[in-house]
Amino acid sequence: MDTQKAGDIMDDYAYEKEHAEAVRKMAAECTVLLKKDGQFPIKEPGRVALFGSGARNTIKGGTGSGEVNSRYFVNIEEGLKSAGFTVTTKNWLDEYDNVKQKAHKAFVKEIKARAKANHTLAIIEGMGAVMPEPEYEISLEGEGEICIYVLARISGEGADRKPVKGDVLLTDTEVRDICELDRKYSRFMLVLNVGGPVDLSPVNDVKNILLLSQLGVETGNTLADIILGKSYPSGKLTTTWTSWKDYPAIGDFGDANETRYREGVFVGYRYFDSMRKKPMYPFGYGLGFTDFECRVESADEKEIIVRIKNTGCFPGKETIQVYIAPPFGKIAKPVRTLVAFEKTKEILPGEEITVSVLFDIRDAATYDEGLAAFILEKGDYIVIVNDKPAVMLRLEEEIITRKLKNLLGKPGFIDWEPEKKEKTKETQAANETRETEKTDNTYEANYTDNLDNYDVITITRASISVETVCYEYEFPVEPEISELSDEELVLLNIGGFDPKGGLAGMIGNSGKSVAGAAGETAHIRDLPFLVMADGPAGVRISKDYIEDEKGVHPVGSSLPETMLEYLNGPARLALKLALGKGKNSGDVRHQYCTAIPIGTAIAQSWDTDLAEKLGDIVGDEMERFGVHLWLAPALNIHRSILCGRNFEYYSEDPLISGKFAVAITRGVQKHPGCGTTIKHFAANNQEYNRTGNNSRISERALREIYLRGFEICIRESQPHALMTSYNLINGVHSAERRDLCVDILRCEWGYKGIVMTDWVIGQGPFEKKGGYRNSLSEKVAAAGGALFMPGGKGDYDRLLNALKSGEISRKQLEENASTVFRMSRMLSTPTHQ
Ligand code: BGC
């Protein structure tokens with residue numbers, strides 16, 4: 001646990017205090033109140049009976065490259081105490097610490113034994129591995145005016161979550177204790193300090209449930225503020241929460257090599273709606289301390305005007321969600337698709353405001369693989385505001401909104417789709433019976449009854465603009481690049497690889513100029529270069545470092561303890577020495593960065609202005625520490641709740657994902673010399689064997705779900721960089737797909753920035769045995785504009801050989817290097833922007 005606290009921050013670090021305070025103000029908006037009985041907030045701090053795994057061991061964010069080394073972090077026990085509460089359950093919290101430490105030791109031992117048996121390194125076996133919550137008996141002694149039980153879960157890069165007790169499921173201990181405390185205390189709140197859904201079914205009857213999420217440095221203070229009503233939850237879920245058994249098992253998840261996305265576009269609420277299954281807490285759900293009444297004042301084919309009144313006793317903010325329910329047609333479609341949303345400003349009790357929300361019917365278009373085009377089928381499109389239909393848009397003919405090409409290959413199966421039935425009185429009655437059985441896979445547009453109640457607006461072909469694409473792309477070559485030798489040119493195509501050696505090739509820590517940065521582009525002649533640091537929950541660099549004539553060296557904190565403990569004796573010592581040299585020189589410098597809320601929590605705010613402000617904080621810290629590219633935001637889709645990195649990602653919905661990536665990018669790129677790197681492009685939805693997993697997906701599902709957020713972000717905010725994913729798509733690594741990296745990114749979407757790989761040292765010690773191979777530097781280079789990050793000697797040699805043998809042209813490498821060079825020139829001389 002860090003010893004310094006926000007109050008200790010000195011004037012030199014005034015920015016840090018300012019950023020932490022700003023995060024504290026915003027973070028409550030990212031929390032979702034799932035259940036309430038009106039007993040919270042309370043007026044005065046008093047005695048609190050505090051229990052649960054996250055009470056003291058609060059989680060500020062997940063593990064892996066998304067973990068931020070902030071100077072301090074306020075856990076929930078500390079947050080409540082500093083707000084004036086007396087915690088009456090110290091004994092329970094101390095005893096829990098003992099239980100946890102014991103279980104942790106046994107867990108590390110087990111990982112080491114597993115690594116030995118699998119002939120691998122414990123650090124690889126242990127990457128992202130999560131110890132399931134242990135079972136225990138600790139007496140629930142304690143007292144207080146309120147009782148808070150904090151249930152915590154962590155997950156991270158390199159491993160997926162599991163549907164077992166202590167991970168997605170609650171342990172017997174948790175269920176027993178939560179139910180007992182809810183019975184005992186009249187003011188009881190279950191607080192979820194988690195990065196993704198847990199199965200709440202055994203405890204769903206408790207009086208109050210708050211999804212706190214993981215909010216970065218100020219997590220504990222934020223909860224105290226909420227309990228005391230100094231701030232309030234106004235978030236809504238961006239992913240469906242329900243019992244584990246109700247999530248679909250149509251597609252594959254967790255196979256080492258092949259992942260068939262058989263469910264096609266029916267992901268998240270698109271699946272639950274079509275199956276007429278009511279999840280426990282649906283997408284878009286969230287309560288507040290107060291209540292609202294929403295009334296549509298007017299609606300047309302582009303704009304909805306809504307009156308919102310705060311009918312409760314507390315201030316609050318509401319979210320307007322606009323969906324389109326398309327007609328039945330030749331292609332099976334989700335019952336509704338989110339096309340726009342808007343978060344209100346704060347509305348006081350009794351106050352009434354008007355909000356306008358703009359939408360575009362083209363966002364409800366379907367990709368027709370037969371036509372290779374996005375189309376709006378003929379028929380009636382119902383526009384739904386929150387849960388109520390507002391207006392009907394009638395298309396009397398089919399409209400092609402974009403003519404494209406099928407580019408991404410075949411998955412080897414036909415997408416699953418719900419059985420389609422026209423709605424008649426008979427099917428309606430039958431459906432009602434089936435609904436209770438919850439086994440029906442009939443899909444119906446839920447909103448087509450009572451057609452007479454809506455205004456009908458006819459949309460003509462002429463009123464919808466149609467986009468055409470030119471699939472030819474010119475990569476300009478810069479004169480500075482033409483002058484380079486073959487070796488230099490290859491170096492510029494291979495990220496941080498340094499032929500002179502050193503630590504530069506270490507995954508996740510390949511920075512030479514900024515301690516703890518994830519990577520850099522090559523230093524060639526006096527050409528500018530780019531420094532890259534991870535995210536997305538803040539800027540991930542080393543908080544302590546020293547500088548000598550050879551450069552900067554992280555001290556101690558660059559590799560988290562969670563990784564160090566998996567190293568055996570000599571390796572651990574060598575690394576500690578390498579990272580710890582100069583520890584006693586008295587010349588340790590600091591780079592303190594702010595841990596902001598995790599990606600999912602940011603999206604739960606449904607407030608893109610808030611996200612832009614968080615991006616602004618990140619941009620400020622990047623500028624301060626000399627980072628050009630932030631390796632974030634991460635916007636893969638929450639396809640399964642088991643993906644270990646979902647906490648970094650925003651949503652099961654591509655519009656939410658795209659819009660939040662836009663907002664964060666705008667916030668970061670306001671800062672001259674700073675850019676985002678949106679990742680991981682694309683279909684990186686599982687961690688297990690992520691560098692060799694083949695995502696088999698239809699062109700339709702890719703274009704409507706998995707590429708869509710990236711498209712929105714590129715079109716609306718031009719992030720300076722984009723990172724491809726580790727996985728293959730329909731048999732070819734995404735980084736090796738020219739169709740993805742040039743035809744779609746640049747020709748269809750007009751992307752101008754850098755394309756880089758996810759961190760691969762493909763050859764040498766990390767070379768894979770069996771299954772699909774890692775991506776190869778010469779194939780990545782041939783895919784166009786891609787920078788192989790961080791790369792190793794083997795990757796450099798392969799590319800140089802390919803150039804010398806004529807397998808790849810010098811022109812291709814010059815084009816790639818020129819893209820990198822132009823960006824480096826722009827970001828390193830920011831006044832020229
Ligand atoms: C992760 C990326 C990260 C990179 C650099 C990879 O293992 O997948 O998200 O940006 O490492 O640390």
# chains A, B, ... in the order shown; residues from 1 in each chain; ligands from 1
$ select_by_dssp --residues "range 736-823 of chain A" --states "strand (DSSP E)" --output "VMD selection string"
chain A and resid 754 to 756 786 to 787
$ closest_atom_pairs --of "range 611-662 of chain A" --to "range 281-286 of chain A" --cutoff "12 Å" --atoms "only C-alpha atoms" --output "JSON lines"
{"residue": "A:His638", "atom": "CA", "partner": "A:Phe283", "partner_atom": "CA", "distance": 11.8}
{"residue": "A:Ser651", "atom": "CA", "partner": "A:Phe283", "partner_atom": "CA", "distance": 9.2}
{"residue": "A:Glu652", "atom": "CA", "partner": "A:Phe283", "partner_atom": "CA", "distance": 8.5}
{"residue": "A:Asp653", "atom": "CA", "partner": "A:Phe283", "partner_atom": "CA", "distance": 9.0}
{"residue": "A:Ile656", "atom": "CA", "partner": "A:Gly284", "partner_atom": "CA", "distance": 10.6}
$ closest_atom_pairs --of "range 720-830 of chain A" --to "range 692-716 of chain A" --cutoff "10 Å" --atoms "only C-alpha atoms" --output "Markdown table"
| residue | atom | partner | partner_atom | distance |
| --- | --- | --- | --- | --- |
| A:His720 | CA | A:Ile714 | CA | 9.2 |
| A:Ala721 | CA | A:Ile714 | CA | 9.7 |
| A:Leu722 | CA | A:Phe710 | CA | 9.1 |
| A:Tyr726 | CA | A:Gly692 | CA | 7.2 |
| A:Asn727 | CA | A:Asn693 | CA | 5.1 |
| A:Leu728 | CA | A:Asn694 | CA | 4.4 |
| A:Ile729 | CA | A:Ser695 | CA | 4.9 |
| A:Asn730 | CA | A:Arg696 | CA | 4.8 |
| A:Gly731 | CA | A:Asn694 | CA | 6.0 |
| A:Val732 | CA | A:Asn694 | CA | 7.8 |
| A:His733 | CA | A:Asn694 | CA | 8.0 |
| A:Ser734 | CA | A:Asn694 | CA | 9.7 |
| A:Leu740 | CA | A:Leu707 | CA | 9.7 |
| A:Ile744 | CA | A:Glu711 | CA | 9.1 |
| A:Leu745 | CA | A:Glu711 | CA | 7.8 |
| A:Arg746 | CA | A:Ile714 | CA | 9.7 |
| A:Glu748 | CA | A:Glu711 | CA | 9.1 |
| A:Trp749 | CA | A:Arg715 | CA | 6.2 |
| A:Gly750 | CA | A:Arg715 | CA | 7.1 |
| A:Tyr751 | CA | A:Ile714 | CA | 6.3 |
| A:Lys752 | CA | A:Ile714 | CA | 8.9 |
| A:Gly753 | CA | A:Ile714 | CA | 9.3 |
| A:Lys768 | CA | A:Gly692 | CA | 8.5 |
| A:Gly770 | CA | A:Gly692 | CA | 9.3 |
| A:Gly771 | CA | A:Gly692 | CA | 6.6 |
| A:Tyr772 | CA | A:Gly692 | CA | 4.9 |
| A:Arg773 | CA | A:Gly692 | CA | 6.1 |
| A:Asn774 | CA | A:Gly692 | CA | 6.3 |
| A:Ser775 | CA | A:Gly692 | CA | 8.8 |
$ residues_around --residues "Gly235 in chain A" --least-positions-apart "6" --cutoff "12 Å" --atoms "only C-alpha atoms" --output "PyMOL selection string"
chain A and resi 26-34+210-213+283-289+316-320+343-344+600-607+610
$ residues_near_ligand --ligand "ligand 1" --cutoff "6 Å" --atoms "only C-alpha atoms and all ligand atoms" --output "count of residues only"
7
$ residues_around --residues "Asp795 in chain A" --least-positions-apart "4" --cutoff "8 Å" --atoms "only C-alpha atoms" --output "JSON, numbers by chain"
{"A": [494, 761, 762, 763, 776, 777, 791, 799]}
$ closest_residue --among "A:Arg153, A:Leu121, A:Phe475, A:Ala113" --to "Ser53 in chain A" --atoms "only C-alpha atoms"
A:Arg153
$ atom_distance --atom1 "CA of Gly599 in chain A" --atom2 "CA of Ile226 in chain A"
20.4 Å
$ select_by_dssp --residues "range 650-717 of chain A" --states "helix (DSSP H, G or I)" --output "VMD selection string"
chain A and resid 654 to 669 690 to 692 699 to 706 708 to 717
$ atom_distance --atom1 "CA of Ile464 in chain A" --atom2 "CA of Ile375 in chain A"
11.2 Å
